[in-house]
Each structure stands twice: as structure tokens, then as C-alpha cells.
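Undergrad: One structure coming up, written as C-alpha cells, with questions to follow.
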Amino acid sequence: MVEVGGAGGRGKGAEGKGAEGLAGAGGSGSADLPRLLDALLTPDGARLIARAAEALAAGDELGVGARLRAAGAPPELVAAAFTQAELRHRAMAAFGRAGEMLFTRAGLEQSTAEAAARHRAARFAGFGRVADLCTGIGGDLLALAAAGPGLLAIDRDPAHLRIAVHNARVYAPEARIDARCADVRDVDLAEVDAVFVDPARRADGRRLAAGACEPPLAWCFALTERVAAVAVKAAPGLPTELVPPGWEIEFVAEGRDLKEAALFSPALAAGAPRRATVLLGGAEDAVATLAGYPDPDPASRGGAAAGPGAGGGRGVQGRRPGRARGRGDGGRGDGGRGDGGSGDGGGAAEAQAPGGSARPVGEPAAYLYDPSPAVTRAGLVGELGRRLDAWQIDPWIAFLTSDRPVETPFARLLRVEASLPFDVRRLAALLRPMGIGALELRRRGLAGDVDTLRRRLLPARRDLVPGGPAITVIMTRHRDRPWALVCVAQDGGPGEVTDPA
């Protein structure tokens with residue numbers, strides 16, 4: 001979110017340029033902005049935007065723009081129409097009715113996508129009047145309006161507030177919206193039943209540090225002293241220790257992209273303290289949600305793997321984990337290296353979760369699960385493993401493994417073709433006879449440059465065989481040792497060379 005004019009709300013005017021998405025220049029306080037907004041919403045304005053969209057599609061924006069100006073269209077309105085056509089095209093991925101909406105550049109970049117907003121708006125079902133604080137261009141307001149409650153919309157940027165109301169009424173023409181241009185800290189919430197707040201996380205064109213926002217999180221949490229039901233949108237990198245006890249933390253991903261976090265006060269919390277949600281897309285805005293207690297820290301639970309080592313390339317004969325007596329000495333968390341040693345028991349070590357269930361660690365088996373970033377960020381890898389009857393291959397690494405495949409929206413499913421200690425020469429010797437059509441490298445818990453490793457595994461693109469299998473090589477750790485897993489995707493086509501670590 002972009003702060004405009006200080007502490008009042010995000011105001012969506014990029015670096016104080018609220019009109020940039022309309023006319024390409026000018027600030028949100030421009031005297032011409034109300035006139036431009038009105039003009040864009042007239043039939044003539046709609047025709048200008050349509051002409052601009054056609055010109056952009058044909059690559060003739062300069063010629064068409066010149067002809068429109070020669071025909072008498074004001075230059076600033078032509079500029080606004082072209083910018084609006086471009087932003088509407090970009091917004092089609094996030095909003096089903098983007099062609100009817102208004103945007104600014106910063107507002108679009110920082111708004112909540114329609115599917116995520118609809119998912120969150122369901123929490124407010126049954127509340128009589130909901131306040132949307134720091135409204136921006138109305139990504140959440142339109143979902144709340146479609147859900148039916150009376151709305152109070154507050155933002156310090158008058159341009160964004162006007163755009164937000166327009167966008168909300170695209171989806172809900174009869175929506176009851178009381179829009180006020182004000183500092184959110186000065187608003188009386190006495191007649192409000194629930195509050196949603198999306199504080200600014202940018203200032204002077206730069207993203208604020210994780211957990212920093214304006215108004216501050218402490219102010220957002222203190223809203224419960226006035227209204228019990230409060231939801232706060234936050235960055236997905238939010239330090240979870242900043243959230244008060246009793247609040248629910250939800251992490252939301254779209255595909256493999258972690259998009260945002262949402263914090264719900266006890267009056268809105270759905271029971272479990274953590275939730276991972278994956279937006280599945282489709283006409284019905286389908287979502288999948290996993291809720292539970294976060295995994296304990298392996299260091300605090302003595303959770304390093306125990307039992308016999310994996311040995312040299314034993315293939316995929318994974319052992320079913322059992323209870324072990326070993327103890328580890330900690331590490332740096334998912335993606336970091338643990339320092340734990342192996343214990344003296346057979347099978348796998350188990351770390352105890354708050355609900356009394358266990359988080360097992362054992363040998364790589366026939367299938368590997370790469371959890372959604374929403375699951376890993378929520379600390380629900382153990383919860384997912386229990387539902388899949390799967391276990392981790394290392395207490396510090398988020399990969400799960402099992403003897404049988406279970407399709408899940410919460411993880412990418414891979415079939416393990418080979419499991420061996422990490423050695424580039426052995427991997428290259430294994431891969432080159434396989435007739436690979438595409439190679440993807442995924443690194444977690446190991447250092448190293450992916451491009452360099454790829455060149456050593458397959459020196460040239462000509463080594464790829466058209467129509468050959470898409471292979472994923474996982475470079476990770478098992479029992480605190482560098483490890484490699486050669487896999488084939490169960491649910492996808494050929495991969496590209498990526499470095500998601």
C-alpha cells in the first residue's frame with residue numbers, strides 16, 4: 001500500500017502521485033483530477049478508452065493518440081484514456097470486471113486481487129456495518145460490497161476514495177457505501193460492527209521493513225478496544241511474534257506465489273491459530289484451506305533425524321518412520337542448515353506439536369511433496385504431513401515424503417526416481433542417459449549457484465531431448481547431509497530452470 005500525506009491510510013497515490021494512473025502525471029491533489037474522472041466515466045470517455053485499447057493491441061498508440069487529439073480530444077484526457085486502457089488490460093488477471101473499473105498504477109500493483117478479497121469478505125458475513133479503513137482503489141471494498149453489509153469506506157486520498165466507490169458499485173450497484181475522505185485515526189467507529197484495515201507498507205516509494213506499516217500494527221490491533229471484530233491485511237513476511245495471542249494468522253498463496261497475510265481478532269478467528277489458504281482460481285473462486293497449530297521449532301524439541309543414514313543412492317526404498325531416541329542440536333530453520341547429529345535409535349525422530357500429534361522425520365520414500373509457500377509460512381508442514389500420512393526428510397527442511405501418492409492442493413507432488421547423497425558427478429552420470437526433455441533444479445537447504453550446477457549436469461541445451469521426460473532435481477539436506485532427489489512431476493509438464501530457494 002502507498003501512503004499519501006502521512007499516517008491516514010494508503011491513499012494509493014504512488015509517491016504522492018494519485019493521478020498518475022489516470023493521466024500519466026499530476027498529483028492526487030490536482031484540480032483537474034475530478035474532471036478527468038468524470039470525463040472518463042461518460043460515454044465519450046468510454047469510447048476514448050475503447051479506442052486506446054484497440055490502439056494498444058495493434059501497436060499504434062502514437063498514431064491513434066495523435067488522431068484523437070487532432071479530432072479535438074483534450075490531450076490530458078487522451079493520456080488518461082491510454083493509461084486506463086493499459087491498466088485495465090493488466091488488471092484482467094486480478095479482476096473479472098476490470099474492463100469496467102478505474103485504476104491507478106500504484107493502486108493496481110498494491111490492491112487485493114478479487115479472489116483473495118472474496119475469500120476474506122466471507123469472514124464478515126452476518127455483520128451489519130463494516131468499516132474498510134485505508135480503502136485504496138477498493139479491491140477489498142468491492143468484495144465486501146458484493147457480500148451485502150453496509151459499508152464505511154475511509155481513505156485520505158480523495159481520488160482513490162472516488163475510484164474505490166466506483167469499483168465497488170461495478171460489482172454491487174446497490175451497495176450502501178458511506179465514503180469519507182479522512183485520516184482513519186480520526187474516524188468514529190461507534191456504529192460499526194466490524195473493521196477491515198489495510199495499512200500502508202510503503203513510504204517515499206520504498207517498501208517498509210517487515211512488520212512496519214502506517215498506521216502501525218499496534219494501532220490496528222488496538223482497534224479491538226472499540227470494535228471486537230477486526231481483520232488486518234499484512235505482508236506475508238510479517239514476523240508472527242508481533243501478532244497478539246488469540247489472533248488467527250492466515251497466509252494466502254495464488255498458485256506457488258505467496259501473496260499476503262491476514263490477521264483476525266478472536267471475534268473473527270475460526271478456531272485454529274494458523275491457516276494456509278491456496279487460491280485455486282476458476283469461475284467459482286475456489287480456495288483450499290489448511291488450518292492447525294504451527295510446527296514446533298526442531299531446536300526446542302530436539303528434533304533432528306535419528307536412525308541409520310540413507311547411504312549411497314539406495315533408490316527409493318523409503319522406511320516407514322517410527323519413534324526414535326536421537327536428539328539434534330538445532331539449526332536455522334527451513335532453508336538453513338541444521339547442526340543436529342543422528343541418534344542411536346531406529347526409524348525416525350518425532351517432534352511434538354501443541355495438539356499432541358507428532359511430526360515424524362524419516363527416509364526419502366517413493367513420492368515427494370513440495371508444500372505451498374502458504375503452508376511453510378504458516379508453519380503447517382507437520383499438519384499437512386499428518387493429513388497425507390507423510391513425513392519430513394529433515395527436521396529443518398519443508399519437504400515431505402510418503403510411500404503412496406496423494407493429490408493435494410497444498411503441495412506439488414513429485415515421483416522420486418532416485419535418492420542419493422549430493423554429488424554432481426554422480427548426478428550427471430545418472431541424468432545424461434535419461435533422455436531428458438526439460439530440467440528443473442530446486443534448491444533448499446544447500447548453497448550453490450543453480451546455473452553453474454545445471455551446466456555441470458547438462459552442459460548444453462542440445463543435451464535435452466524433444467519429447468523427453470521433464471525431470472526435477474531437488475538439492476536439499478537429509479539427516480544433516482547434502483542430498484539429491486531426482487524426480488518426475490505427477491501434476492505438471494516440462495519445467496524450466498529455476499532457483500526458488
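Chain identifiers are assigned as A, B, and so on, following the order in which chains appear in the C-alpha cells; residues are numbered from 1 within each chain, and ligands are numbered from 1 in order of appearance.
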Near Phe124 in chain A, counting only C-alpha atoms, which residues have an atom at most 10 Å away, once you skip same-chain residues fewer than 5 positions from it, shown as a PDB file with N, CA, C and O atoms, in the first residue's frame?

TA:
ATOM      1  N   ARG A 129     -22.632  -3.586   9.747  1.00  0.00           N
ATOM      2  CA  ARG A 129     -21.922  -2.484   9.113  1.00  0.00           C
ATOM      3  C   ARG A 129     -20.416  -2.708   9.281  1.00  0.00           C
ATOM      4  O   ARG A 129     -19.932  -2.908  10.394  1.00  0.00           O
ATOM      5  N   VAL A 130     -19.710  -2.687   8.173  1.00  0.00           N
ATOM      6  CA  VAL A 130     -18.282  -2.977   8.164  1.00  0.00           C
ATOM      7  C   VAL A 130     -17.532  -1.738   7.701  1.00  0.00           C
ATOM      8  O   VAL A 130     -17.904  -1.107   6.701  1.00  0.00           O
ATOM      9  N   LEU A 144     -16.479  -6.773  -0.202  1.00  0.00           N
ATOM     10  CA  LEU A 144     -17.379  -6.539   0.927  1.00  0.00           C
ATOM     11  C   LEU A 144     -18.730  -6.032   0.452  1.00  0.00           C
ATOM     12  O   LEU A 144     -19.774  -6.426   0.979  1.00  0.00           O
ATOM     13  N   ALA A 147     -20.790  -8.779  -0.828  1.00  0.00           N
ATOM     14  CA  ALA A 147     -21.256  -9.663   0.243  1.00  0.00           C
ATOM     15  C   ALA A 147     -22.476  -9.106   0.959  1.00  0.00           C
ATOM     16  O   ALA A 147     -23.145  -9.831   1.696  1.00  0.00           O
ATOM     17  N   GLY A 148     -22.741  -7.803   0.810  1.00  0.00           N
ATOM     18  CA  GLY A 148     -24.006  -7.275   1.287  1.00  0.00           C
ATOM     19  C   GLY A 148     -24.053  -6.340   2.461  1.00  0.00           C
ATOM     20  O   GLY A 148     -25.049  -5.647   2.632  1.00  0.00           O
ATOM     21  N   PRO A 149     -23.009  -6.253   3.330  1.00  0.00           N
ATOM     22  CA  PRO A 149     -23.183  -5.393   4.503  1.00  0.00           C
ATOM     23  C   PRO A 149     -23.117  -3.920   4.140  1.00  0.00           C
ATOM     24  O   PRO A 149     -22.582  -3.532   3.097  1.00  0.00           O
ATOM     25  N   ASP A 193     -19.840  -2.471  13.188  1.00  0.00           N
ATOM     26  CA  ASP A 193     -19.863  -3.811  13.788  1.00  0.00           C
ATOM     27  C   ASP A 193     -18.571  -4.592  13.569  1.00  0.00           C
ATOM     28  O   ASP A 193     -18.265  -5.526  14.311  1.00  0.00           O
ATOM     29  N   ALA A 194     -17.829  -4.257  12.506  1.00  0.00           N
ATOM     30  CA  ALA A 194     -16.581  -4.957  12.203  1.00  0.00           C
ATOM     31  C   ALA A 194     -15.688  -4.026  11.398  1.00  0.00           C
ATOM     32  O   ALA A 194     -16.176  -3.092  10.744  1.00  0.00           O
ATOM     33  N   VAL A 195     -14.386  -4.284  11.445  1.00  0.00           N
ATOM     34  CA  VAL A 195     -13.409  -3.418  10.782  1.00  0.00           C
ATOM     35  C   VAL A 195     -12.438  -4.259   9.972  1.00  0.00           C
ATOM     36  O   VAL A 195     -11.943  -5.298  10.441  1.00  0.00           O
ATOM     37  N   PHE A 196     -12.166  -3.802   8.746  1.00  0.00           N
ATOM     38  CA  PHE A 196     -11.049  -4.320   7.961  1.00  0.00           C
ATOM     39  C   PHE A 196     -10.097  -3.164   7.717  1.00  0.00           C
ATOM     40  O   PHE A 196     -10.518  -2.070   7.329  1.00  0.00           O
ATOM     41  N   ALA A 229     -14.543  -7.211  16.328  1.00  0.00           N
ATOM     42  CA  ALA A 229     -14.241  -7.949  15.098  1.00  0.00           C
ATOM     43  C   ALA A 229     -13.342  -7.105  14.197  1.00  0.00           C
ATOM     44  O   ALA A 229     -13.796  -6.137  13.577  1.00  0.00           O
ATOM     45  N   VAL A 230     -12.064  -7.476  14.112  1.00  0.00           N
ATOM     46  CA  VAL A 230     -11.091  -6.716  13.339  1.00  0.00           C
ATOM     47  C   VAL A 230     -10.264  -7.678  12.497  1.00  0.00           C
ATOM     48  O   VAL A 230      -9.811  -8.716  12.986  1.00  0.00           O
ATOM     49  N   ALA A 231     -10.062  -7.320  11.228  1.00  0.00           N
ATOM     50  CA  ALA A 231      -9.147  -8.047  10.347  1.00  0.00           C
ATOM     51  C   ALA A 231      -8.129  -7.065   9.803  1.00  0.00           C
ATOM     52  O   ALA A 231      -8.467  -5.928   9.450  1.00  0.00           O
ATOM     53  N   LEU A 268     -13.214 -12.813  15.068  1.00  0.00           N
ATOM     54  CA  LEU A 268     -13.295 -13.276  13.690  1.00  0.00           C
ATOM     55  C   LEU A 268     -12.531 -14.565  13.452  1.00  0.00           C
ATOM     56  O   LEU A 268     -12.676 -15.188  12.398  1.00  0.00           O
TER      57      LEU A 268
END

Undergrad: Which residues are close to Ala489 in chain A, i.e. within 12 Å by only C-alpha atoms, leaving aside same-chain residues fewer than 2 positions away? Reply as number ranges by chain.

TA: A: 367-370, 405, 407, 411-417, 438-440, 469-474, 486-487, 491-495

Undergrad: Can you pull out the residues contacting Pro34 in chain A? Cut-off 9 Å, using only C-alpha atoms, and skip same-chain residues under 5 positions away; I want them as a ChimeraX atom specification.

TA: /A:39,159,162

Undergrad: Go through range 367-482 of chain A residue by residue and, counting only C-alpha atoms, keep those with an atom at most 12 Å from range 284-294 of chain A; for each kept residue give the shortest atom pair and its distance in Å to one decimal, ordered by chain and increasing number, as a tab-separated table.

TA:
residue	atom	partner	partner_atom	distance
A:Pro371	CA	A:Leu290	CA	11.6
A:Ser372	CA	A:Leu290	CA	10.8
A:Ala374	CA	A:Leu290	CA	9.4
A:Val375	CA	A:Leu290	CA	7.8
A:Thr376	CA	A:Pro294	CA	9.5
A:Arg377	CA	A:Pro294	CA	9.5
A:Ala378	CA	A:Pro294	CA	6.6
A:Gly379	CA	A:Pro294	CA	4.5
A:Leu380	CA	A:Pro294	CA	5.3
A:Val381	CA	A:Pro294	CA	8.2
A:Gly382	CA	A:Pro294	CA	8.0
A:Glu383	CA	A:Gly292	CA	6.6
A:Leu384	CA	A:Leu290	CA	7.7
A:Gly385	CA	A:Leu290	CA	11.4
A:Arg386	CA	A:Gly292	CA	11.0
A:Arg387	CA	A:Leu290	CA	9.8
A:Thr408	CA	A:Ala288	CA	9.4
A:Pro409	CA	A:Ala288	CA	6.8
A:Phe410	CA	A:Ala288	CA	7.7
A:Ala411	CA	A:Ala288	CA	11.4

Undergrad: For the atom pair CA of Leu108 in chain A and CA of His89 in chain A, what is the interatomic distance in Å to one decimal place?

TA: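 If I compute the distance from CA of Leu108 in chain A to CA of His89 in chain A, I get 11.1 Å.
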
Undergrad: Would you kindly return, as a VMD selection string, each protein, DNA or RNA residue with an atom no farther than 9 Å from any atom of Leu152 in chain A, considering only C-alpha atoms and excluding same-chain residues fewer than 5 positions away?

TA: chain A and resid 129 to 133 176 to 180 192

Undergrad: Go ahead and dump the residues you just picked, all heavy atoms, as a PDB file, in the first residue's frame.

TA:
ATOM      1  N   ARG A 129     -22.632  -3.586   9.747  1.00  0.00           N
ATOM      2  CA  ARG A 129     -21.922  -2.484   9.113  1.00  0.00           C
ATOM      3  C   ARG A 129     -20.416  -2.708   9.281  1.00  0.00           C
ATOM      4  O   ARG A 129     -19.932  -2.908  10.394  1.00  0.00           O
ATOM      5  CB  ARG A 129     -22.316  -1.143   9.727  1.00  0.00           C
ATOM      6  CG  ARG A 129     -21.857   0.064   8.898  1.00  0.00           C
ATOM      7  CD  ARG A 129     -22.432   1.347   9.465  1.00  0.00           C
ATOM      8  NE  ARG A 129     -22.251   2.470   8.553  1.00  0.00           N
ATOM      9  CZ  ARG A 129     -21.762   3.656   8.918  1.00  0.00           C
ATOM     10  NH1 ARG A 129     -21.435   3.882  10.184  1.00  0.00           N
ATOM     11  NH2 ARG A 129     -21.630   4.628   8.031  1.00  0.00           N
ATOM     12  N   VAL A 130     -19.710  -2.687   8.173  1.00  0.00           N
ATOM     13  CA  VAL A 130     -18.282  -2.977   8.164  1.00  0.00           C
ATOM     14  C   VAL A 130     -17.532  -1.738   7.701  1.00  0.00           C
ATOM     15  O   VAL A 130     -17.904  -1.107   6.701  1.00  0.00           O
ATOM     16  CB  VAL A 130     -17.965  -4.171   7.239  1.00  0.00           C
ATOM     17  CG1 VAL A 130     -16.451  -4.423   7.193  1.00  0.00           C
ATOM     18  CG2 VAL A 130     -18.693  -5.422   7.710  1.00  0.00           C
ATOM     19  N   ALA A 131     -16.457  -1.380   8.400  1.00  0.00           N
ATOM     20  CA  ALA A 131     -15.605  -0.272   8.011  1.00  0.00           C
ATOM     21  C   ALA A 131     -14.389  -0.806   7.268  1.00  0.00           C
ATOM     22  O   ALA A 131     -13.715  -1.724   7.749  1.00  0.00           O
ATOM     23  CB  ALA A 131     -15.156   0.524   9.230  1.00  0.00           C
ATOM     24  N   ASP A 132     -14.119  -0.245   6.085  1.00  0.00           N
ATOM     25  CA  ASP A 132     -12.909  -0.544   5.319  1.00  0.00           C
ATOM     26  C   ASP A 132     -11.980   0.651   5.471  1.00  0.00           C
ATOM     27  O   ASP A 132     -12.192   1.702   4.862  1.00  0.00           O
ATOM     28  CB  ASP A 132     -13.268  -0.785   3.847  1.00  0.00           C
ATOM     29  CG  ASP A 132     -12.059  -1.162   2.996  1.00  0.00           C
ATOM     30  OD1 ASP A 132     -10.926  -1.088   3.500  1.00  0.00           O
ATOM     31  OD2 ASP A 132     -12.251  -1.516   1.812  1.00  0.00           O
ATOM     32  N   LEU A 133     -10.968   0.501   6.312  1.00  0.00           N
ATOM     33  CA  LEU A 133     -10.035   1.588   6.594  1.00  0.00           C
ATOM     34  C   LEU A 133      -8.820   1.493   5.682  1.00  0.00           C
ATOM     35  O   LEU A 133      -8.283   0.407   5.476  1.00  0.00           O
ATOM     36  CB  LEU A 133      -9.594   1.539   8.054  1.00  0.00           C
ATOM     37  CG  LEU A 133     -10.714   1.514   9.117  1.00  0.00           C
ATOM     38  CD1 LEU A 133     -10.115   1.564  10.517  1.00  0.00           C
ATOM     39  CD2 LEU A 133     -11.693   2.666   8.908  1.00  0.00           C
ATOM     40  N   ARG A 176     -24.540  -0.008  -0.225  1.00  0.00           N
ATOM     41  CA  ARG A 176     -24.680   1.136   0.688  1.00  0.00           C
ATOM     42  C   ARG A 176     -23.297   1.493   1.217  1.00  0.00           C
ATOM     43  O   ARG A 176     -22.769   0.822   2.094  1.00  0.00           O
ATOM     44  CB  ARG A 176     -25.625   0.757   1.829  1.00  0.00           C
ATOM     45  CG  ARG A 176     -27.064   0.484   1.371  1.00  0.00           C
ATOM     46  CD  ARG A 176     -27.906  -0.118   2.484  1.00  0.00           C
ATOM     47  NE  ARG A 176     -27.510  -1.482   2.793  1.00  0.00           N
ATOM     48  CZ  ARG A 176     -27.232  -1.932   3.997  1.00  0.00           C
ATOM     49  NH1 ARG A 176     -27.276  -1.126   5.045  1.00  0.00           N
ATOM     50  NH2 ARG A 176     -26.904  -3.197   4.183  1.00  0.00           N
ATOM     51  N   ILE A 177     -22.703   2.549   0.643  1.00  0.00           N
ATOM     52  CA  ILE A 177     -21.331   2.926   0.978  1.00  0.00           C
ATOM     53  C   ILE A 177     -21.313   4.370   1.474  1.00  0.00           C
ATOM     54  O   ILE A 177     -21.702   5.295   0.761  1.00  0.00           O
ATOM     55  CB  ILE A 177     -20.405   2.790  -0.245  1.00  0.00           C
ATOM     56  CG1 ILE A 177     -20.451   1.364  -0.812  1.00  0.00           C
ATOM     57  CG2 ILE A 177     -18.969   3.162   0.141  1.00  0.00           C
ATOM     58  CD1 ILE A 177     -19.683   1.200  -2.106  1.00  0.00           C
ATOM     59  N   ASP A 178     -20.862   4.534   2.683  1.00  0.00           N
ATOM     60  CA  ASP A 178     -20.626   5.858   3.257  1.00  0.00           C
ATOM     61  C   ASP A 178     -19.132   6.124   3.121  1.00  0.00           C
ATOM     62  O   ASP A 178     -18.322   5.584   3.866  1.00  0.00           O
ATOM     63  CB  ASP A 178     -21.059   5.866   4.728  1.00  0.00           C
ATOM     64  CG  ASP A 178     -20.788   7.208   5.408  1.00  0.00           C
ATOM     65  OD1 ASP A 178     -20.359   8.153   4.727  1.00  0.00           O
ATOM     66  OD2 ASP A 178     -20.999   7.292   6.638  1.00  0.00           O
ATOM     67  N   ALA A 179     -18.739   6.926   2.117  1.00  0.00           N
ATOM     68  CA  ALA A 179     -17.329   7.172   1.825  1.00  0.00           C
ATOM     69  C   ALA A 179     -16.891   8.484   2.452  1.00  0.00           C
ATOM     70  O   ALA A 179     -17.513   9.524   2.224  1.00  0.00           O
ATOM     71  CB  ALA A 179     -17.107   7.192   0.317  1.00  0.00           C
ATOM     72  N   ARG A 180     -15.804   8.448   3.203  1.00  0.00           N
ATOM     73  CA  ARG A 180     -15.310   9.642   3.890  1.00  0.00           C
ATOM     74  C   ARG A 180     -13.823   9.804   3.640  1.00  0.00           C
ATOM     75  O   ARG A 180     -13.036   8.876   3.874  1.00  0.00           O
ATOM     76  CB  ARG A 180     -15.571   9.541   5.401  1.00  0.00           C
ATOM     77  CG  ARG A 180     -17.032   9.343   5.763  1.00  0.00           C
ATOM     78  CD  ARG A 180     -17.188   9.272   7.262  1.00  0.00           C
ATOM     79  NE  ARG A 180     -18.528   8.832   7.636  1.00  0.00           N
ATOM     80  CZ  ARG A 180     -18.918   8.622   8.897  1.00  0.00           C
ATOM     81  NH1 ARG A 180     -18.043   8.810   9.894  1.00  0.00           N
ATOM     82  NH2 ARG A 180     -20.144   8.221   9.161  1.00  0.00           N
ATOM     83  N   VAL A 192     -20.111   0.955  14.017  1.00  0.00           N
ATOM     84  CA  VAL A 192     -19.526  -0.066  13.149  1.00  0.00           C
ATOM     85  C   VAL A 192     -19.500  -1.403  13.887  1.00  0.00           C
ATOM     86  O   VAL A 192     -19.187  -1.463  15.078  1.00  0.00           O
ATOM     87  CB  VAL A 192     -18.099   0.349  12.718  1.00  0.00           C
ATOM     88  CG1 VAL A 192     -17.357  -0.817  12.098  1.00  0.00           C
ATOM     89  CG2 VAL A 192     -18.168   1.514  11.740  1.00  0.00           C
TER      90      VAL A 192
END

Undergrad: Between A:Pro158, A:Gly362, A:Pro74, A:Pro244, which one has atoms that come closest to Gly45 in chain A, using only C-alpha atoms?

TA: A:Pro74
